[in-house]
Amino acid sequence: MPADGDLTEAATVLRTGGLVAFPTETVYGLGANALDARAAARIFEAKQRPSFDPLITHLADAADLEALVGSVPPAVAALADRFWPGPLTLIVDRPDAIPPIVTSGLATMAVRVPDNEYARRLIAAAGVPVAAPSANRFGQLSPTRAEHVVRGLGAAVEVVLDGGPARCGIESTIVDARGDRPVVLRLGALPVEEVEKVTGPVTVRLGNSGQPVAPGTLAAHYAPRTPLRLLAAGESAAGGGPRRGYLAFRDRPAQSWAAVEVLSASGDLTEAAARLFEALHRLDAAGVTEIVAEPVPETGVGRAVNDRLRRAAATWQPAG
């Protein structure tokens, strides 16, 4: 369905326990009523997502946070006031209204307000908070267009709202600001430097294994089906070939490759982030046997791009 049309049907599906994929500024989300444990369970089933990986709950408006969870710590309130709607997920204490399956049994909850008019209209029309991870099979490439959702999830979703390409192209930054010093748990579309302008210095503590404390923090994640090798900083790829694909930051490689994607010819990190998953989707569909990827500069949103590439490459093994 077009996201700019009447959202009444999609809102009814959400409110009554169904699944709706919808656009946000980061990636497309797979939404269910966050107050309904059975609906949330359908997300895990549709995505083939392990039950230990918590979901993010989405709200229509920042004012809805206090109504849902009660009072919030000052730093959490300050970040919400500055960056919501936007690509920032905040950690709060889980209220009784949210069933434990949404948070994978954790006493905390990840929550945000998306910076996408259609997403907020949908959530407001449904009248419930919406649990929504990315609308893809677990561990695979995140969807930045409606067709990525349809290709990946098919009939597992009742409604897919088509709102065009996602503006940011990578997931939200996740911050736990309940303590004395905020902790960044996942790098994302909001650079750490912007968070620090509000809170002062933060600690970056990215999950890699075991029980995740935030969504999207497992060591192997965001991966194409095609094996992906990430070059070290300053490393050049040795040769191309008729069966290998190449993901470049700004300059096309001199060698001949079966398929090449350039993230930003101008070296713009925001553009590179927005194009990352779409470029990987195209390389994954190109019939190559391996994707070789360049890292981008490790600054600003480039840190989140490199984080996604490292996780995508976590299971790569050399041929032979």
# chains A, B, ... in the order shown; residues from 1 in each chain; ligands from 1
>>> select_by_dssp(residues="segment 25-131 of chain A", states="alpha helix (DSSP H)", output="PDB file with N, CA and C atoms, in the first residue's frame")
ATOM      1  N   ALA A  37       1.625  -9.532  23.505  1.00  0.00           N
ATOM      2  CA  ALA A  37       2.713 -10.516  23.485  1.00  0.00           C
ATOM      3  C   ALA A  37       2.626 -11.444  22.288  1.00  0.00           C
ATOM      4  N   ARG A  38       1.417 -11.848  21.915  1.00  0.00           N
ATOM      5  CA  ARG A  38       1.270 -12.753  20.769  1.00  0.00           C
ATOM      6  C   ARG A  38       1.663 -12.059  19.473  1.00  0.00           C
ATOM      7  N   ALA A  39       1.311 -10.794  19.333  1.00  0.00           N
ATOM      8  CA  ALA A  39       1.703 -10.045  18.138  1.00  0.00           C
ATOM      9  C   ALA A  39       3.217  -9.907  18.070  1.00  0.00           C
ATOM     10  N   ALA A  40       3.851  -9.599  19.206  1.00  0.00           N
ATOM     11  CA  ALA A  40       5.306  -9.491  19.237  1.00  0.00           C
ATOM     12  C   ALA A  40       5.959 -10.818  18.875  1.00  0.00           C
ATOM     13  N   ALA A  41       5.377 -11.919  19.320  1.00  0.00           N
ATOM     14  CA  ALA A  41       5.913 -13.241  18.993  1.00  0.00           C
ATOM     15  C   ALA A  41       5.900 -13.481  17.491  1.00  0.00           C
ATOM     16  N   ARG A  42       4.916 -12.905  16.793  1.00  0.00           N
ATOM     17  CA  ARG A  42       4.846 -13.063  15.345  1.00  0.00           C
ATOM     18  C   ARG A  42       6.030 -12.384  14.648  1.00  0.00           C
ATOM     19  N   ILE A  43       6.551 -11.308  15.229  1.00  0.00           N
ATOM     20  CA  ILE A  43       7.746 -10.670  14.664  1.00  0.00           C
ATOM     21  C   ILE A  43       8.913 -11.651  14.675  1.00  0.00           C
ATOM     22  N   PHE A  44       9.136 -12.278  15.832  1.00  0.00           N
ATOM     23  CA  PHE A  44      10.250 -13.225  15.946  1.00  0.00           C
ATOM     24  C   PHE A  44      10.075 -14.380  14.964  1.00  0.00           C
ATOM     25  N   GLU A  45       8.840 -14.836  14.790  1.00  0.00           N
ATOM     26  CA  GLU A  45       8.577 -15.936  13.873  1.00  0.00           C
ATOM     27  C   GLU A  45       8.814 -15.517  12.425  1.00  0.00           C
ATOM     28  N   ALA A  46       8.294 -14.351  12.037  1.00  0.00           N
ATOM     29  CA  ALA A  46       8.422 -13.896  10.649  1.00  0.00           C
ATOM     30  C   ALA A  46       9.877 -13.637  10.271  1.00  0.00           C
ATOM     31  N   LYS A  47      10.642 -13.075  11.202  1.00  0.00           N
ATOM     32  CA  LYS A  47      12.037 -12.748  10.929  1.00  0.00           C
ATOM     33  C   LYS A  47      12.975 -13.925  11.159  1.00  0.00           C
ATOM     34  N   ASP A  64       4.623  10.887  24.292  1.00  0.00           N
ATOM     35  CA  ASP A  64       4.077   9.576  24.646  1.00  0.00           C
ATOM     36  C   ASP A  64       5.007   8.786  25.562  1.00  0.00           C
ATOM     37  N   LEU A  65       6.288   9.169  25.647  1.00  0.00           N
ATOM     38  CA  LEU A  65       7.237   8.391  26.442  1.00  0.00           C
ATOM     39  C   LEU A  65       6.862   8.405  27.918  1.00  0.00           C
ATOM     40  N   GLU A  66       6.651   9.578  28.470  1.00  0.00           N
ATOM     41  CA  GLU A  66       6.339   9.662  29.896  1.00  0.00           C
ATOM     42  C   GLU A  66       5.017   8.983  30.208  1.00  0.00           C
ATOM     43  N   ALA A  67       4.056   9.073  29.261  1.00  0.00           N
ATOM     44  CA  ALA A  67       2.766   8.412  29.481  1.00  0.00           C
ATOM     45  C   ALA A  67       2.931   6.895  29.546  1.00  0.00           C
ATOM     46  N   LEU A  68       3.926   6.368  28.837  1.00  0.00           N
ATOM     47  CA  LEU A  68       4.139   4.927  28.799  1.00  0.00           C
ATOM     48  C   LEU A  68       4.983   4.428  29.966  1.00  0.00           C
ATOM     49  N   VAL A  69       6.071   5.146  30.270  1.00  0.00           N
ATOM     50  CA  VAL A  69       7.038   4.620  31.238  1.00  0.00           C
ATOM     51  C   VAL A  69       7.090   5.400  32.545  1.00  0.00           C
ATOM     52  N   PRO A  74      16.957  12.705  33.697  1.00  0.00           N
ATOM     53  CA  PRO A  74      17.161  13.980  33.008  1.00  0.00           C
ATOM     54  C   PRO A  74      17.920  13.864  31.680  1.00  0.00           C
ATOM     55  N   ALA A  75      18.966  13.051  31.622  1.00  0.00           N
ATOM     56  CA  ALA A  75      19.744  12.934  30.388  1.00  0.00           C
ATOM     57  C   ALA A  75      18.930  12.278  29.282  1.00  0.00           C
ATOM     58  N   VAL A  76      18.096  11.310  29.648  1.00  0.00           N
ATOM     59  CA  VAL A  76      17.214  10.678  28.661  1.00  0.00           C
ATOM     60  C   VAL A  76      16.238  11.706  28.130  1.00  0.00           C
ATOM     61  N   ALA A  77      15.648  12.494  29.022  1.00  0.00           N
ATOM     62  CA  ALA A  77      14.699  13.523  28.601  1.00  0.00           C
ATOM     63  C   ALA A  77      15.373  14.563  27.705  1.00  0.00           C
ATOM     64  N   ALA A  78      16.609  14.932  28.041  1.00  0.00           N
ATOM     65  CA  ALA A  78      17.322  15.936  27.242  1.00  0.00           C
ATOM     66  C   ALA A  78      17.612  15.419  25.839  1.00  0.00           C
ATOM     67  N   LEU A  79      18.005  14.160  25.723  1.00  0.00           N
ATOM     68  CA  LEU A  79      18.280  13.583  24.406  1.00  0.00           C
ATOM     69  C   LEU A  79      16.998  13.448  23.593  1.00  0.00           C
ATOM     70  N   ALA A  80      15.930  13.025  24.237  1.00  0.00           N
ATOM     71  CA  ALA A  80      14.654  12.915  23.530  1.00  0.00           C
ATOM     72  C   ALA A  80      14.192  14.278  23.040  1.00  0.00           C
ATOM     73  N   ASP A  81      14.347  15.281  23.887  1.00  0.00           N
ATOM     74  CA  ASP A  81      13.931  16.639  23.514  1.00  0.00           C
ATOM     75  C   ASP A  81      14.729  17.166  22.338  1.00  0.00           C
ATOM     76  N   ARG A  82      16.015  16.809  22.270  1.00  0.00           N
ATOM     77  CA  ARG A  82      16.878  17.329  21.201  1.00  0.00           C
ATOM     78  C   ARG A  82      16.754  16.530  19.910  1.00  0.00           C
ATOM     79  N   PHE A  83      16.605  15.206  19.985  1.00  0.00           N
ATOM     80  CA  PHE A  83      16.758  14.387  18.783  1.00  0.00           C
ATOM     81  C   PHE A  83      15.494  13.641  18.333  1.00  0.00           C
ATOM     82  N   GLU A 117       7.055  10.914   8.593  1.00  0.00           N
ATOM     83  CA  GLU A 117       5.659  11.304   8.777  1.00  0.00           C
ATOM     84  C   GLU A 117       4.716  10.112   8.696  1.00  0.00           C
ATOM     85  N   TYR A 118       4.959   9.208   7.735  1.00  0.00           N
ATOM     86  CA  TYR A 118       4.055   8.073   7.556  1.00  0.00           C
ATOM     87  C   TYR A 118       4.123   7.120   8.747  1.00  0.00           C
ATOM     88  N   ALA A 119       5.321   6.914   9.267  1.00  0.00           N
ATOM     89  CA  ALA A 119       5.468   6.041  10.429  1.00  0.00           C
ATOM     90  C   ALA A 119       4.717   6.615  11.623  1.00  0.00           C
ATOM     91  N   ARG A 120       4.880   7.895  11.880  1.00  0.00           N
ATOM     92  CA  ARG A 120       4.212   8.503  13.035  1.00  0.00           C
ATOM     93  C   ARG A 120       2.698   8.521  12.849  1.00  0.00           C
ATOM     94  N   ARG A 121       2.238   8.781  11.616  1.00  0.00           N
ATOM     95  CA  ARG A 121       0.788   8.741  11.359  1.00  0.00           C
ATOM     96  C   ARG A 121       0.229   7.344  11.603  1.00  0.00           C
ATOM     97  N   LEU A 122       0.971   6.334  11.169  1.00  0.00           N
ATOM     98  CA  LEU A 122       0.522   4.953  11.366  1.00  0.00           C
ATOM     99  C   LEU A 122       0.418   4.622  12.849  1.00  0.00           C
ATOM    100  N   ILE A 123       1.463   4.951  13.608  1.00  0.00           N
ATOM    101  CA  ILE A 123       1.470   4.629  15.039  1.00  0.00           C
ATOM    102  C   ILE A 123       0.356   5.383  15.760  1.00  0.00           C
ATOM    103  N   ALA A 124       0.175   6.652  15.407  1.00  0.00           N
ATOM    104  CA  ALA A 124      -0.883   7.442  16.037  1.00  0.00           C
ATOM    105  C   ALA A 124      -2.257   6.863  15.705  1.00  0.00           C
ATOM    106  N   ALA A 125      -2.445   6.443  14.453  1.00  0.00           N
ATOM    107  CA  ALA A 125      -3.738   5.886  14.052  1.00  0.00           C
ATOM    108  C   ALA A 125      -4.002   4.552  14.742  1.00  0.00           C
ATOM    109  N   ALA A 126      -2.954   3.768  14.949  1.00  0.00           N
ATOM    110  CA  ALA A 126      -3.119   2.479  15.638  1.00  0.00           C
ATOM    111  C   ALA A 126      -3.448   2.686  17.110  1.00  0.00           C
TER     112      ALA A 126
END
>>> residues_around(residues="His148 of chain A", least_positions_apart="3", cutoff="10 Å", atoms="only C-alpha atoms", output="number ranges by chain")
A: 28, 135-136, 141-145, 151-154, 278, 281
>>> write_last_selection(atoms="C-alpha atoms", output="tab-separated table (two decimals), in the first residue's frame")
chain	number	residue	atom	x	y	z
A	28	TYR	CA	11.93	-0.22	7.02
A	135	ALA	CA	11.80	-5.76	8.23
A	136	ASN	CA	14.14	-8.50	7.04
A	141	LEU	CA	20.67	-7.00	4.99
A	142	SER	CA	18.35	-4.35	6.34
A	143	PRO	CA	15.63	-3.13	3.92
A	144	THR	CA	15.73	0.45	2.69
A	145	ARG	CA	12.91	0.08	0.14
A	151	ARG	CA	11.53	-9.96	-1.38
A	152	GLY	CA	12.75	-10.92	2.08
A	153	LEU	CA	9.56	-11.55	4.05
A	154	GLY	CA	6.85	-12.12	1.46
A	278	GLU	CA	20.89	-0.65	-1.12
A	281	HIS	CA	21.39	-5.60	-1.93
>>> residues_around(residues="Ala258 of chain A", least_positions_apart="3", cutoff="8 Å", atoms="only C-alpha atoms", output="CSV table (one decimal) with N, CA, C and O atoms, in the first residue's frame")
chain,number,residue,atom,x,y,z
A,240,GLY,N,40.6,-8.3,-9.5
A,240,GLY,CA,39.1,-8.4,-9.5
A,240,GLY,C,38.7,-9.8,-9.9
A,240,GLY,O,38.9,-10.7,-9.2
A,241,GLY,N,38.1,-9.9,-11.1
A,241,GLY,CA,37.7,-11.2,-11.5
A,241,GLY,C,36.2,-11.2,-12.0
A,241,GLY,O,35.4,-10.3,-11.7
A,242,PRO,N,35.9,-12.2,-12.7
A,242,PRO,CA,34.5,-12.3,-13.3
A,242,PRO,C,33.4,-12.7,-12.3
A,242,PRO,O,32.3,-12.7,-12.6
A,243,ARG,N,33.8,-13.1,-11.1
A,243,ARG,CA,32.8,-13.6,-10.1
A,243,ARG,C,32.9,-12.8,-8.8
A,243,ARG,O,32.2,-13.2,-7.9
A,244,ARG,N,33.6,-11.7,-8.8
A,244,ARG,CA,33.7,-11.0,-7.5
A,244,ARG,C,33.1,-9.6,-7.6
A,244,ARG,O,33.3,-8.9,-8.7
A,245,GLY,N,32.5,-9.2,-6.6
A,245,GLY,CA,31.9,-7.8,-6.5
A,245,GLY,C,32.7,-6.9,-5.6
A,245,GLY,O,33.4,-7.4,-4.7
A,288,VAL,N,27.6,-12.8,-7.8
A,288,VAL,CA,29.0,-12.9,-7.5
A,288,VAL,C,29.2,-13.9,-6.4
A,288,VAL,O,28.3,-14.3,-5.6
>>> atom_distance(atom1="atom CA of Asp93 of chain A", atom2="atom CA of Val192 of chain A")
22.4 Å
>>> closest_residue(among="A:Gly188, A:Pro133, A:Pro253, A:Gly169", to="Val20 of chain A", atoms="only C-alpha atoms")
A:Pro133
